[in-house]
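Participant: Sending over final04.cif (mmCIF, C-alpha atoms and all ligand atoms).
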```
data_entry
loop_
_atom_site.label_atom_id
_atom_site.label_comp_id
_atom_site.auth_asym_id
_atom_site.auth_seq_id
_atom_site.Cartn_x
_atom_site.Cartn_y
_atom_site.Cartn_z
CA MET A 9 86.48 -77.53 -48.94
CA THR A 10 89.42 -79.42 -47.40
CA ALA A 11 92.49 -77.54 -46.25
CA PRO A 12 95.44 -77.78 -48.63
CA VAL A 13 98.06 -80.29 -47.47
CA LEU A 14 101.04 -78.31 -48.59
CA GLY A 15 102.19 -74.86 -49.60
CA ILE A 16 105.04 -74.82 -52.10
CA ILE A 17 107.22 -71.77 -52.62
CA GLY A 18 109.10 -72.01 -55.88
CA GLY A 19 112.43 -70.25 -56.21
CA THR A 20 114.49 -69.17 -59.19
CA GLY A 21 113.50 -71.13 -62.27
CA LEU A 22 110.47 -72.66 -60.63
CA THR A 23 107.61 -70.35 -61.50
CA GLN A 24 105.20 -73.16 -62.14
CA LEU A 25 104.79 -76.84 -61.39
CA SER A 26 104.20 -78.81 -64.54
CA ASN A 27 102.60 -81.63 -62.57
CA LEU A 28 100.07 -79.35 -60.90
CA GLU A 29 96.47 -79.61 -62.07
CA VAL A 30 95.56 -75.98 -61.57
CA SER A 31 92.05 -75.33 -60.30
CA ARG A 32 92.22 -71.56 -59.72
CA ARG A 33 94.44 -68.59 -59.09
CA GLN A 34 93.68 -66.09 -56.40
CA VAL A 35 95.07 -62.71 -55.52
CA VAL A 36 95.30 -62.47 -51.74
CA ARG A 37 95.79 -59.19 -49.90
CA THR A 38 97.34 -59.25 -46.47
CA PRO A 39 97.89 -56.69 -43.69
CA PHE A 40 101.52 -56.71 -44.88
CA GLY A 41 100.86 -55.96 -48.52
CA GLU A 42 100.72 -58.20 -51.55
CA PRO A 43 102.45 -61.54 -52.01
CA SER A 44 104.82 -62.13 -54.92
CA GLY A 45 101.87 -63.10 -57.10
CA ALA A 46 98.50 -64.76 -57.11
CA LEU A 47 98.34 -68.04 -55.20
CA THR A 48 97.91 -71.00 -57.54
CA PHE A 49 95.55 -73.64 -56.15
CA GLY A 50 95.63 -77.12 -57.57
CA ARG A 51 96.15 -80.81 -57.05
CA ILE A 52 99.11 -83.14 -57.29
CA HIS A 53 98.31 -86.82 -56.81
CA ASP A 54 94.87 -85.75 -55.70
CA ARG A 55 96.27 -83.68 -52.84
CA GLU A 56 95.38 -80.01 -52.58
CA VAL A 57 98.39 -77.74 -52.77
CA ILE A 58 98.99 -74.02 -53.08
CA PHE A 59 101.91 -72.86 -55.16
CA LEU A 60 103.55 -69.45 -55.04
CA ALA A 61 106.48 -68.23 -57.14
CA ARG A 62 108.75 -66.37 -54.71
CA HIS A 63 110.20 -64.04 -57.32
CA GLY A 64 106.87 -63.48 -59.10
CA TYR A 65 105.58 -65.37 -62.11
CA GLY A 66 107.76 -63.29 -64.44
CA HIS A 67 110.76 -63.55 -62.11
CA THR A 68 110.92 -59.81 -61.49
CA ILE A 69 111.27 -59.61 -57.69
CA ALA A 70 114.83 -59.65 -56.36
CA PRO A 71 115.59 -61.59 -53.16
CA HIS A 72 115.87 -58.46 -51.00
CA GLN A 73 112.58 -57.13 -52.40
CA VAL A 74 110.43 -60.20 -51.86
CA ASN A 75 107.54 -59.48 -49.49
CA TYR A 76 108.25 -62.52 -47.32
CA ARG A 77 105.66 -61.49 -44.75
CA ALA A 78 102.86 -61.24 -47.28
CA ASN A 79 103.85 -64.57 -48.85
CA MET A 80 103.80 -66.50 -45.59
CA TRP A 81 100.71 -64.70 -44.31
CA ALA A 82 98.77 -65.46 -47.49
CA LEU A 83 99.63 -69.18 -47.39
CA HIS A 84 98.69 -69.36 -43.72
CA ALA A 85 95.45 -67.44 -44.30
CA GLU A 86 94.45 -69.98 -46.96
CA GLY A 87 94.76 -72.83 -44.48
CA VAL A 88 98.21 -74.20 -45.22
CA GLN A 89 100.02 -75.76 -42.25
CA ARG A 90 103.11 -77.06 -44.01
CA VAL A 91 105.33 -75.26 -46.47
CA VAL A 92 108.14 -76.64 -48.58
CA SER A 93 110.33 -74.06 -50.20
CA ILE A 94 112.61 -74.67 -53.14
CA ALA A 95 115.73 -72.55 -53.31
CA SER A 96 118.73 -72.49 -55.61
CA VAL A 97 122.03 -72.08 -53.80
CA GLY A 98 125.77 -72.03 -54.29
CA GLY A 99 127.74 -74.93 -52.85
CA ILE A 100 130.45 -74.09 -50.32
CA ALA A 101 131.39 -77.43 -48.76
CA SER A 102 133.26 -79.98 -50.84
CA GLY A 103 130.91 -82.48 -52.41
CA LEU A 104 128.26 -79.81 -52.87
CA GLY A 105 128.79 -79.09 -56.53
CA PRO A 106 126.29 -78.16 -59.23
CA GLY A 107 123.34 -80.52 -59.44
CA VAL A 108 123.46 -81.69 -55.81
CA LEU A 109 120.21 -81.56 -53.85
CA CYS A 110 120.35 -80.81 -50.13
CA VAL A 111 117.86 -80.44 -47.28
CA PRO A 112 119.60 -78.13 -44.79
CA ASP A 113 118.99 -78.36 -41.06
CA GLN A 114 120.47 -75.04 -39.99
CA ILE A 115 120.57 -71.42 -41.09
CA ILE A 116 122.89 -68.48 -40.60
CA ASP A 117 121.28 -65.15 -41.43
CA TYR A 118 123.46 -62.44 -43.00
CA THR A 119 120.58 -60.42 -44.43
CA TRP A 120 119.77 -56.91 -43.31
CA GLY A 121 116.94 -54.42 -43.66
CA ARG A 122 114.30 -57.03 -44.48
CA LYS A 123 110.95 -57.01 -42.69
CA SER A 124 111.56 -60.09 -40.61
CA THR A 125 108.80 -60.30 -38.02
CA PHE A 126 105.03 -60.06 -37.81
CA PHE A 127 105.36 -58.85 -34.23
CA GLU A 128 106.02 -55.16 -34.53
CA GLY A 129 103.96 -52.03 -34.14
CA PRO A 130 102.24 -50.42 -31.16
CA ASP A 131 99.60 -53.12 -30.68
CA GLN A 132 101.92 -56.11 -31.06
CA PRO A 133 103.55 -57.77 -28.06
CA VAL A 134 107.31 -58.27 -28.39
CA THR A 135 107.66 -61.95 -29.28
CA HIS A 136 110.78 -64.10 -29.35
CA ILE A 137 110.23 -67.37 -31.20
CA ASP A 138 112.42 -70.37 -30.41
CA PHE A 139 114.56 -70.87 -33.51
CA THR A 140 117.15 -73.35 -32.24
CA HIS A 141 116.12 -75.74 -34.97
CA PRO A 142 114.87 -73.47 -37.76
CA TYR A 143 113.34 -76.18 -39.94
CA ASP A 144 110.55 -78.60 -39.13
CA GLU A 145 112.27 -81.94 -38.59
CA ARG A 146 109.28 -84.03 -39.58
CA LEU A 147 108.87 -82.24 -42.88
CA ARG A 148 112.63 -82.48 -43.52
CA GLN A 149 112.43 -86.23 -42.97
CA ASP A 150 109.39 -86.47 -45.25
CA LEU A 151 111.37 -84.76 -48.01
CA LEU A 152 114.36 -87.03 -47.49
CA ARG A 153 112.15 -90.12 -47.50
CA ALA A 154 110.49 -89.01 -50.73
CA ALA A 155 113.90 -88.48 -52.35
CA ARG A 156 115.13 -91.89 -51.21
CA ALA A 157 111.93 -93.57 -52.41
CA ILE A 158 112.58 -92.44 -55.97
CA GLY A 159 116.31 -93.17 -55.78
CA GLU A 160 117.34 -89.52 -55.79
CA LYS A 161 120.62 -88.82 -54.00
CA ILE A 162 120.26 -86.02 -51.51
CA VAL A 163 122.47 -84.47 -48.84
CA GLU A 164 120.75 -84.92 -45.51
CA GLY A 165 121.59 -81.71 -43.69
CA GLY A 166 123.62 -78.58 -44.08
CA VAL A 167 123.93 -74.99 -42.99
CA TYR A 168 122.23 -72.51 -45.29
CA ALA A 169 123.90 -69.09 -45.17
CA THR A 170 121.42 -66.47 -46.33
CA THR A 171 123.10 -63.44 -47.87
CA GLN A 172 121.51 -60.17 -48.84
CA GLY A 173 122.13 -60.23 -52.58
CA PRO A 174 121.23 -59.51 -55.24
CA ARG A 175 124.91 -59.67 -56.12
CA LEU A 176 126.79 -62.91 -55.64
CA GLU A 177 129.52 -63.07 -52.97
CA THR A 178 133.23 -62.38 -53.14
CA ALA A 179 135.64 -65.28 -52.66
CA ALA A 180 136.66 -63.80 -49.29
CA GLU A 181 133.04 -63.64 -48.17
CA ILE A 182 132.62 -67.30 -49.05
CA ASN A 183 135.77 -68.12 -47.05
CA ARG A 184 134.23 -66.34 -44.10
CA LEU A 185 130.91 -68.17 -44.49
CA GLU A 186 132.80 -71.44 -44.58
CA ARG A 187 134.66 -70.55 -41.39
CA ASP A 188 131.26 -69.81 -39.85
CA GLY A 189 130.17 -73.34 -40.71
CA ALA A 190 127.96 -72.67 -43.74
CA THR A 191 127.78 -75.40 -46.39
CA VAL A 192 125.47 -73.71 -48.93
CA VAL A 193 124.70 -70.07 -49.70
CA GLY A 194 121.53 -68.50 -51.04
CA MET A 195 119.59 -65.27 -50.77
CA THR A 196 116.07 -66.22 -49.78
CA GLY A 197 116.26 -68.55 -46.76
CA MET A 198 115.58 -65.70 -44.37
CA PRO A 199 113.36 -64.23 -43.11
CA GLU A 200 111.12 -66.83 -44.77
CA ALA A 201 111.95 -69.57 -42.25
CA ALA A 202 111.54 -67.32 -39.21
CA LEU A 203 108.22 -65.96 -40.43
CA ALA A 204 106.97 -69.51 -40.94
CA ARG A 205 107.89 -70.26 -37.33
CA GLU A 206 106.11 -67.12 -36.12
CA LEU A 207 102.95 -68.47 -37.76
CA SER A 208 103.60 -72.00 -36.40
CA LEU A 209 103.87 -73.34 -39.94
CA ALA A 210 105.96 -76.47 -40.46
CA TYR A 211 108.62 -75.35 -42.92
CA ALA A 212 111.50 -77.04 -44.71
CA THR A 213 113.67 -76.17 -47.70
CA LEU A 214 114.86 -78.28 -50.58
CA THR A 215 117.94 -76.58 -51.94
CA VAL A 216 119.32 -77.14 -55.40
CA VAL A 217 123.03 -76.40 -55.78
CA VAL A 218 123.38 -74.59 -59.08
CA ASN A 219 127.00 -73.43 -58.87
CA HIS A 220 130.15 -73.71 -56.84
CA ALA A 221 130.17 -70.67 -54.54
CA ALA A 222 132.56 -67.86 -55.46
CA GLY A 223 136.21 -68.92 -55.38
CA ARG A 224 135.36 -72.63 -55.15
CA GLY A 225 135.64 -75.41 -57.74
CA ASP A 226 134.91 -74.18 -61.26
CA SER A 227 133.96 -70.76 -59.82
CA VAL A 228 137.56 -69.88 -58.92
CA ASP A 229 137.64 -67.27 -61.67
CA GLY A 230 133.97 -66.30 -61.57
CA ILE A 231 130.48 -67.72 -61.73
CA SER A 232 128.91 -68.40 -65.11
CA LEU A 233 125.24 -67.47 -65.16
CA ASP A 234 124.75 -69.52 -68.34
CA ASP A 235 126.04 -72.59 -66.54
CA ILE A 236 123.64 -71.87 -63.66
CA LYS A 237 120.69 -71.82 -66.06
CA ALA A 238 121.65 -75.17 -67.54
CA VAL A 239 122.01 -76.79 -64.12
CA LEU A 240 118.72 -75.29 -62.95
CA GLN A 241 116.82 -76.78 -65.87
CA GLU A 242 118.00 -80.27 -65.11
CA SER A 243 117.95 -80.13 -61.31
CA LEU A 244 114.54 -78.58 -60.92
CA GLY A 245 113.06 -81.56 -62.74
CA ARG A 246 114.45 -83.76 -59.97
CA ALA A 247 113.18 -81.40 -57.27
CA ARG A 248 109.72 -81.56 -58.84
CA ARG A 249 109.76 -85.35 -58.80
CA ILE A 250 110.66 -85.32 -55.10
CA LEU A 251 107.72 -83.02 -54.40
CA GLU A 252 105.47 -85.29 -56.39
CA LYS A 253 106.58 -88.30 -54.37
CA LEU A 254 106.20 -86.36 -51.15
CA LEU A 255 102.61 -85.66 -52.07
CA GLU A 256 101.97 -89.16 -53.35
CA ASP A 257 102.73 -90.99 -50.14
CA CYS A 258 105.42 -89.40 -47.99
CA VAL A 259 103.81 -86.37 -46.39
CA SER A 260 103.17 -87.05 -42.68
CA PRO A 261 99.58 -86.60 -41.53
N1 LIG B 1 125.32 -67.26 -53.78
C1 LIG B 1 124.15 -66.78 -53.34
N2 LIG B 1 122.97 -67.17 -53.81
C2 LIG B 1 122.97 -68.08 -54.79
C3 LIG B 1 124.16 -68.62 -55.31
C4 LIG B 1 125.40 -68.19 -54.77
O1 LIG B 1 126.49 -68.62 -55.19
N3 LIG B 1 123.80 -69.50 -56.28
C5 LIG B 1 122.44 -69.49 -56.33
N4 LIG B 1 121.94 -68.64 -55.42
#
```
Would you kindly transcribe this structure into structure tokens?
Facilitator:
Amino acid sequence: MTAPVLGIIGGTGLTQLSNLEVSRRQVVRTPFGEPSGALTFGRIHDREVIFLARHGYGHTIAPHQVNYRANMWALHAEGVQRVVSIASVGGIASGLGPGVLCVPDQIIDYTWGRKSTFFEGPDQPVTHIDFTHPYDERLRQDLLRAARAIGEKIVEGGVYATTQGPRLETAAEINRLERDGATVVGMTGMPEAALARELSLAYATLTVVVNHAAGRGDSVDGISLDDIKAVLQESLGRARRILEKLLEDCVSP
């Protein structure tokens, strides 16, 4: 059996890929516990992929409760070397309003209390990964090329602030994130990216802006969850098409 070309981690609203010809589902146990759900094996454009819904197939696992270690370990154990994650985010920088797609190139981590390394315990050497550039540049470029090839506008870089959640932020917190240099805010970017690096997986994130961050744009007086749902529906279709194109002819060997 050939190794899958890509692992795909679906975020909020993306619990399945309609364009995936599913061949099997498999529950994988790892030394770090169970992933968010069974891995879904299948093909898109005749390329083997493994899909995993980050929040579980019934969307029941909150961002701070996701077993990020088990998810990444399971994908790695099944032979994946590249992982694209899809994440919905709030837009902080101007121009990053609902419906905008963005492939960030940097991360700031504001999470706490999450299991964020494989290297702990008495028999594990202390290990410091290089994380200067948290995303795999080649995979980022592949995603951007795929988007361009289908005429999809996409923001080519950004700083993804990862907050603890599950609540959304206050307006003052968003002001602080902006001063720190963040352009989008979400709850699942970390430790996922760092764990991918610990396993030497190439990892990149396609973010979908589903709302103005708190205190910005039409979220000055609050964030409407109904509006988020409507934007998600429409934007995830575009994210799916980018993935499809990526698998059709844009994924680097
Ligand atoms: N903040 C944090 N996470 C999010 C947001 C937000 O505004 N929108 C979608 N995920």
Participant: Go through A:Gly103, A:His72, A:Ser96, A:Glu86 one by one, measure the shortest atom-to-atom distance of each to Lys237 (chain A) using only C-alpha atoms, and give the residue with the smallest value.
Facilitator: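 Among the listed residues, the smallest separation from Lys237 (chain A) belongs to A:Ser96.
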Participant: When you draw a straight line from CA of Thr48 (chain A) to CA of Pro12 (chain A), how long is it in Å?
Facilitator: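 Between these atoms lies a distance of 11.5 Å.
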Participant: Kindly provide, as JSON, the centre and edge lengths (Å, one decimal) of an axis-aligned box around all atoms of region 250-259 of chain A given in the file, with 5 Å on each side.
Facilitator:
```
{"center_x": 106.3, "center_y": -87.0, "center_z": -51.4, "size_x": 18.7, "size_y": 18.0, "size_z": 20.0}
```
Participant: Grab me every residue within 10 Å of ligand LIG 1 (chain B), counting all atoms listed in the file, and send it over as number ranges by chain.
Facilitator: A: 19-20, 71, 95-100, 106, 169-178, 182, 192-197, 215-224, 227, 231, 233, 236, 240
Participant: Find the spatial neighbours of Arg90 (chain A), counting all atoms listed in the file, within a cut-off of 8 Å - ignore same-chain residues fewer than 3 positions away - and output them as a tab-separated table (two decimals) with C-alpha atoms, in the coordinates of the input.
Facilitator:
```
chain	number	residue	atom	x	y	z
A	13	VAL	CA	98.06	-80.29	-47.47
A	14	LEU	CA	101.04	-78.31	-48.59
A	15	GLY	CA	102.19	-74.86	-49.60
A	147	LEU	CA	108.87	-82.24	-42.88
A	209	LEU	CA	103.87	-73.34	-39.94
A	210	ALA	CA	105.96	-76.47	-40.46
A	211	TYR	CA	108.62	-75.35	-42.92
```
Participant: What does the structure give for the distance between CA of Leu25 (chain A) and CA of Arg51 (chain A), in Å to one decimal?
Facilitator: 10.5 Å
Participant: Could you check the closest approach to Glu186 (chain A) for each of A:Ile158, A:Ala101, A:Arg122, A:Trp81 and tell me which residue wins, using only C-alpha atoms?
Facilitator: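 The closest residue to Glu186 (chain A) is A:Ala101.
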Participant: Go ahead and compute the interatomic distance for CA of Leu83 (chain A) and CA of Leu214 (chain A), in Å to one decimal.
Facilitator: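 Atom-to-atom, CA of Leu83 (chain A) and CA of Leu214 (chain A) are spaced 18.0 Å apart.
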Participant: Nearest to Val111 (chain A): which of A:Glu164, A:Glu56, A:Asp144, A:Asp138 is it, counting all atoms listed in the file?
Facilitator: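 Of all the options, A:Glu164 lies closest to Val111 (chain A).
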Participant: Of the candidates A:Ala202, A:Val74, A:Ala155, A:Leu207, which shows the shortest atom-to-atom distance to Leu251 (chain A), using all atoms listed in the file?
Facilitator: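 Closest to Leu251 (chain A) of all the choices is A:Ala155.
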Participant: Just checking: using all atoms listed in the file, which residue out of A:Gly159, A:Gly105, A:Gly225, A:Gly230 ends up closest to Lys253 (chain A)?
Facilitator: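 Using all atoms listed in the file, the shortest distance to Lys253 (chain A) belongs to A:Gly159.
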Participant: Do you know which residues lie at most 8 Å from (110.3, -77.2, -51.6), with coordinates as in the file and only C-alpha atoms counted, and could you write them as JSON, numbers by chain?
Facilitator: {"A": [16, 17, 18, 91, 92, 93, 94, 95, 212, 213, 214, 215, 247, 251]}
Participant: Which polymer residues, protein or nucleic acid, are no farther than 8 Å from (99.7, -88.2, -57.5), counting all atoms listed in the file, as a PyMOL selection string?
Facilitator: chain A and resi 52-55+252-253+255-256
Participant: For Leu244 (chain A), which residue among A:Gly107, A:Arg37, A:Ala78, A:Tyr118 is the nearest when counting only C-alpha atoms?
Facilitator: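 Between A:Gly107, A:Arg37, A:Ala78, A:Tyr118, the residue approaching Leu244 (chain A) most closely is A:Gly107.
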Participant: For Asp113 (chain A), find every residue with an atom within 7 Å (counting all atoms listed in the file), except residues of its own chain fewer than 6 positions away, and show them as a PyMOL selection string.
Facilitator: chain A and resi 143+165-167
Participant: Sorted by chain and rising residue number, which residues of region 147-223 of chain A lie within 12 Å of region 125-128 of chain A, and what are their closest atom pairs and distances in Å to one decimal, counting only C-alpha atoms, as a tab-separated table?
Facilitator:
```
residue	atom	partner	partner_atom	distance
A:Met198	CA	A:Thr125	CA	10.7
A:Pro199	CA	A:Thr125	CA	7.9
A:Glu200	CA	A:Thr125	CA	9.7
A:Ala201	CA	A:Thr125	CA	10.7
A:Ala202	CA	A:Thr125	CA	7.6
A:Leu203	CA	A:Thr125	CA	6.2
A:Ala204	CA	A:Thr125	CA	9.8
A:Arg205	CA	A:Thr125	CA	10.0
A:Glu206	CA	A:Phe126	CA	7.3
A:Leu207	CA	A:Phe126	CA	8.7
```
Participant: Residues within 7 Å of Tyr168 (chain A), please, as a compact mmCIF listing (two decimals) with C-alpha atoms, keeping the file's coordinate frame. Count all atoms listed in the file; anything in the same chain fewer than 6 positions from it doesn't count.
Facilitator:
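Generated file (result.txt):
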```txt
# COMPACT_ATOMS: atom_id res chain seq x y z
CA PRO A 112 119.60 -78.13 -44.79
CA GLN A 114 120.47 -75.04 -39.99
CA ILE A 115 120.57 -71.42 -41.09
CA ILE A 116 122.89 -68.48 -40.60
CA ALA A 190 127.96 -72.67 -43.74
CA THR A 191 127.78 -75.40 -46.39
CA VAL A 192 125.47 -73.71 -48.93
CA VAL A 193 124.70 -70.07 -49.70
```
